[in-house]
Amino acid sequence: MADSKYAPKDAPQYAPIDLSHLNPQQRTAVAQTEGPLLVLAGAGSGKTGVIAHRVVHLLDRGVPPRAILAVTFTNKAATEMKERIVKLSQSAARCRGLSVSTFHAFGVRILREHGGRIGLPQRFAIFDSGDQAALVKRLLRDLKVEDKKFDVPRLVSILSRKRTGVSPAAQAGMEEGLDLARGQDPEYELVAGELLPRYELGLRAMGAVDFDDLLLLPLRLLREERDVLEACQKRYRYLLVDEYQDTNRAQLELLTLLAGLRRNLCVVGDDDQSIYAWRGAQLKNILGFDKQFPGTVEVFLEQNYRSSGAILDAANAVIGKNPGRKGKTLWTAGGRGANVRVVHAPADDSEAKYVAEEILRLSFEEKVPLHEIAVLYRTNAQARPLEEALKLAGVRYRVVGGTSLFDRKEVRDLLAYLRAALNPRDEVSLLRIVNTPARGIGDQTVSRAIELARARREPVFEILRGAAELKELAHAEGRVRGFVEMIERYGPLLSRQGFSGAARELCGEIGLVEEARKGAKSLPAQARKVEAIEGLLRQLVEFEKRAEQKAAEAALHLPAKAASHEGEPDDDGDDDDAFAAGLPGYLARLALDSREAEGDPGDTVTLTTLHGAKGLEWRAVFLCGLEEGLLPHSGRGFDDAGGEAPAADGAMNLEEERRLCYVGMTRARAFLTLTHCRERLRRGAPQPRTPSRFLDDLPAALVDLIDLSGPQTAVAQEVKDAKARNFFAQMDVLLGGPPKEG
DNA sequence: GTTGCGTTTATTTTT
DNA sequence: TAAACGCAAC
């Protein structure tokens, strides 16, 4: 028994966690600690709570925190899980050593610890998709392939598919053999085949890894280095995986290796919420879990604690049409609640206006706080009209995902400087900034340097460093020397404490703010650019301050920690933190979570994509753009050609689109509104739209229809009147006077 | 080598 | 529509 084996000599004084308020299925999921366990957890069935309870229950049974690894899909989920566990366990100290992280962060930890075995430097850079694209572009030029002819992001995704050995089209359970002309273009396959070895060699030469590497390289370590595998298996005795339906082949293999013969693997997920097939997630992982791990205990969590009956039934009706499901039926003990609203708008701007005004109504009439309201959509592009309408209505909001601070050119430039200074072998960063701002090291010079580097099999930076002796670079020698000198000077400064100050200094020295000013056309654009740079610098200061605090705390806790774990070697400092401290740590974190250090949003409405909404819930949810081609989304639209329907169906994964719709609907607790419009601005021109087929699946009895275009129905008029009353009333309150416009 | 203008072309979802 | 790119003039 685990109790006797792991129980420390000084038994804990904590009362065992109370499981009496869990339902019977939940209790099984918590108490069944040994062997493979599959928890099929419907939306809103309390799955996060179950995982947290399970972890604390393991602690109760005397399992040391170090032996538990809980993996989540997003950083946000990991943070929330940690908080929940700490709260339930009644003590943060008791949780010290627990591993709660994303797969990718876990990969970073393994690589930091054992990456030396496969020639990875201690502080490797992590390439995001932008960096990947830049590298591929570079390689295309080396190959003397016409790079304009190829869509680089598409090549990147083919490379990823080839490397992870998973074809998204080869999904289990997908209907009629989709001959995706997109994935199979022989020309692309050929070029990608040429690219592949060079791409991997390129990354290794730069001391960099991409997202796939964070799974593939740890996998390689576990497969090929026996002692690494043994060390990991010895340590991680209890494995928990959240959102299991979104795991891919590499993740399954990683888990299988870690679980070893002990097979204490608990996976929690929902086949109905699998929405990442396009990224290689394999539904068959969850559907075939019991075959992969014979003897699996299966638990179904079907009681929903989140949504009203009407919302639940509507969502069930939509997902019910999917074939090949595990077949859960969610039910609630709560009331039926208000009907689901379906809104038909003439155009996207009126759709947005309706949403904004309804938010005002909910906020004043139903007293729903703004942070309990979300507006969801399929594509990021849909955010714009919504933003404008919300701004006009004076509703505070925040857009999650999409283009953030870190997608701005000036910010990426600054980041490239930091990365290049820390690791001059990082060619992608180096080449990005070698002549930005312009310093007289033009294309000619750079091309020659790269050619020399390739010929001599040396990093480009080494060539630049030796520019003085190279006749090819003689003409720009002074300028190149200045650049090299600057990079070398800032390297050490950015590697130690005070890096945030050094970054600011660097920023001043290269005149980044001035450059941004020059590059902006309008005055507001200028201000935004400068503000973006300032934003990053502020974040660095903030990060450094927090790191110092943490270090101080750790120093305080260390003696106690050493005492409590006398048997176990204290190999690594802080288990919570797979990342290095200092600037490299910040950059690594940033690559894996660009929302890092986002300030407190306050009371604001959330705007996000359906993918971004997974795992979250709000009292009121607006799901916008329920139109054919948008939700369900069709990858390729033959713009004006008549015969659209059958062809379009072939290009989309209808089942996944349906799941996506289901995910969106089940985010709502009390109020759910689905909107669509008759025409939508696309590429500047209006485009006719038809309502989504998913709307047809809603039982009429659960729906209130509101038509904003046709003759006003009684309901619509009533809504409009109420809206107007409240709008004016609150404008008076807010402004202390009558509004300017209705 | 650099800058600016006109042309083109893309539009899913993200660790 | 807006950003990215190519080309031509400084």
# chains A, B, ... in the order shown; residues from 1 in each chain; ligands from 1
call {"tool": "interface_residues", "arguments": {"of": "chain A", "to": "chain B", "cutoff": "9 Å", "atoms": "only C-alpha atoms (C1' of nucleotides)", "output": "PyMOL selection string"}}
result
chain A and resi 73-74+102-104+211+275-276+278-279+378-381+438+440-444+592-593+609-612+630+633-635+682-683
call {"tool": "select_by_dssp", "arguments": {"residues": "range 19-218 of chain A", "states": "alpha helix (DSSP H)", "output": "PyMOL selection string"}}
result
chain A and resi 24-31+47-60+75-89+103-114+129-142+152-164+181-184+186-206+213-218
call {"tool": "interface_residues", "arguments": {"of": "chain A", "to": "chain C", "cutoff": "12 Å", "atoms": "only C-alpha atoms (C1' of nucleotides)", "output": "compact mmCIF listing (two decimals) with N, CA and C atoms, in the first residue's frame"}}
result
# COMPACT_ATOMS: atom_id res chain seq x y z
N LYS A 148 9.34 33.03 -53.27
CA LYS A 148 8.02 33.67 -53.42
C LYS A 148 6.97 32.66 -53.83
N ALA A 381 -10.24 37.72 -37.00
CA ALA A 381 -10.63 38.87 -37.81
C ALA A 381 -12.00 39.40 -37.40
N ARG A 384 -12.67 42.78 -34.88
CA ARG A 384 -12.61 44.21 -35.14
C ARG A 384 -13.95 44.93 -35.05
N ARG A 408 4.01 42.89 -32.50
CA ARG A 408 4.38 44.15 -33.13
C ARG A 408 5.84 44.12 -33.55
N LYS A 409 6.06 44.71 -34.70
CA LYS A 409 7.40 44.66 -35.28
C LYS A 409 8.45 45.22 -34.32
N LEU A 681 -18.53 42.01 -44.14
CA LEU A 681 -17.44 42.65 -44.86
C LEU A 681 -16.22 41.73 -44.86
N ARG A 682 -15.76 41.44 -46.08
CA ARG A 682 -14.59 40.60 -46.15
C ARG A 682 -13.67 41.19 -47.19
N ARG A 683 -12.44 41.43 -46.79
CA ARG A 683 -11.49 42.02 -47.71
C ARG A 683 -12.05 43.34 -48.21
N GLY A 684 -12.78 44.00 -47.33
CA GLY A 684 -13.29 45.31 -47.66
C GLY A 684 -14.63 45.30 -48.37
N ALA A 685 -14.97 44.17 -49.00
CA ALA A 685 -16.21 44.13 -49.77
C ALA A 685 -17.25 43.27 -49.06
N PRO A 686 -18.51 43.67 -49.15
CA PRO A 686 -19.56 42.88 -48.50
C PRO A 686 -19.76 41.54 -49.20
call {"tool": "atom_distance", "arguments": {"atom1": "CA of Lys614 in chain A", "atom2": "CA of Arg678 in chain A"}}
result
27.6 Å
call {"tool": "select_by_dssp", "arguments": {"residues": "range 367-602 of chain A", "states": "strand (DSSP E)", "output": "MDAnalysis selection string"}}
result
chainID A and resid 373:377 397:399
call {"tool": "write_last_selection", "arguments": {"atoms": "C-alpha atoms", "output": "mmCIF file, in the first residue's frame"}}
result
data_model
loop_
_atom_site.group_PDB
_atom_site.id
_atom_site.type_symbol
_atom_site.label_atom_id
_atom_site.label_comp_id
_atom_site.auth_asym_id
_atom_site.auth_seq_id
_atom_site.Cartn_x
_atom_site.Cartn_y
_atom_site.Cartn_z
ATOM 1 C CA ILE A 373 -19.541 38.218 -20.063
ATOM 2 C CA ALA A 374 -17.698 36.888 -23.093
ATOM 3 C CA VAL A 375 -17.969 37.394 -26.826
ATOM 4 C CA LEU A 376 -16.707 34.392 -28.780
ATOM 5 C CA TYR A 377 -15.968 33.975 -32.471
ATOM 6 C CA TYR A 397 -13.310 44.923 -22.916
ATOM 7 C CA ARG A 398 -10.114 43.038 -23.523
ATOM 8 C CA VAL A 399 -9.160 40.930 -26.502
#
call {"tool": "residues_around", "arguments": {"residues": "Arg66 in chain A", "least_positions_apart": "5", "cutoff": "7 Å", "atoms": "only C-alpha atoms (C1' of nucleotides)", "output": "list in words"}}
result
Gly97, Leu98, Ser99 and Arg235 of chain A
call {"tool": "atom_distance", "arguments": {"atom1": "CA of Leu418 in chain A", "atom2": "CA of Leu219 in chain A"}}
result
29.8 Å
call {"tool": "atom_distance", "arguments": {"atom1": "CA of Val484 in chain A", "atom2": "CA of Arg465 in chain A"}}
result
6.1 Å
call {"tool": "residues_around", "arguments": {"residues": "Leu120 in chain A", "least_positions_apart": "3", "cutoff": "8 Å", "atoms": "only C-alpha atoms (C1' of nucleotides)", "output": "JSON, numbers by chain"}}
result
{"A": [111, 115, 116, 117, 124, 204, 207]}
call {"tool": "write_last_selection", "arguments": {"atoms": "N, CA and C atoms", "output": "PDB file, in the first residue's frame"}}
result
ATOM      1  N   LEU A 111      14.697  18.965 -20.909  1.00  0.00           N
ATOM      2  CA  LEU A 111      15.813  19.365 -21.762  1.00  0.00           C
ATOM      3  C   LEU A 111      16.841  20.189 -21.005  1.00  0.00           C
ATOM      4  N   GLY A 115      19.393  17.817 -21.562  1.00  0.00           N
ATOM      5  CA  GLY A 115      19.588  18.162 -22.965  1.00  0.00           C
ATOM      6  C   GLY A 115      21.038  18.087 -23.416  1.00  0.00           C
ATOM      7  N   GLY A 116      21.970  18.210 -22.462  1.00  0.00           N
ATOM      8  CA  GLY A 116      23.382  18.136 -22.794  1.00  0.00           C
ATOM      9  C   GLY A 116      23.734  16.837 -23.512  1.00  0.00           C
ATOM     10  N   ARG A 117      23.016  15.795 -23.179  1.00  0.00           N
ATOM     11  CA  ARG A 117      23.267  14.481 -23.796  1.00  0.00           C
ATOM     12  C   ARG A 117      23.155  14.510 -25.308  1.00  0.00           C
ATOM     13  N   PHE A 124      19.058  27.045 -24.276  1.00  0.00           N
ATOM     14  CA  PHE A 124      18.663  27.034 -25.671  1.00  0.00           C
ATOM     15  C   PHE A 124      17.551  28.049 -25.889  1.00  0.00           C
ATOM     16  N   ARG A 204      19.805  23.015 -34.596  1.00  0.00           N
ATOM     17  CA  ARG A 204      20.852  22.516 -33.699  1.00  0.00           C
ATOM     18  C   ARG A 204      22.067  23.441 -33.731  1.00  0.00           C
ATOM     19  N   GLY A 207      21.616  26.332 -31.642  1.00  0.00           N
ATOM     20  CA  GLY A 207      21.312  26.080 -30.229  1.00  0.00           C
ATOM     21  C   GLY A 207      19.868  26.425 -29.923  1.00  0.00           C
TER      22      GLY A 207
END
call {"tool": "residues_around", "arguments": {"residues": "range 226-229 of chain A", "least_positions_apart": "4", "cutoff": "9 Å", "atoms": "only C-alpha atoms (C1' of nucleotides)", "output": "PyMOL selection string"}}
result
chain A and resi 114+221-222+233-234+257-258
call {"tool": "write_last_selection", "arguments": {"atoms": "C-alpha atoms", "output": "compact mmCIF listing (two decimals), in the first residue's frame"}}
result
# COMPACT_ATOMS: atom_id res chain seq x y z
CA HIS A 114 19.36 16.27 -19.68
CA LEU A 221 16.07 11.17 -24.50
CA LEU A 222 13.66 8.80 -22.84
CA GLN A 233 10.17 6.76 -14.04
CA LYS A 234 11.59 6.61 -10.56
CA LEU A 257 7.31 5.80 -21.37
CA LEU A 258 6.93 7.77 -18.16
call {"tool": "residues_around", "arguments": {"residues": "Val541 in chain A", "least_positions_apart": "3", "cutoff": "12 Å", "atoms": "only C-alpha atoms (C1' of nucleotides)", "output": "PyMOL selection string"}}
result
chain A and resi 497-504+534-538+544-548+582-583+586+597
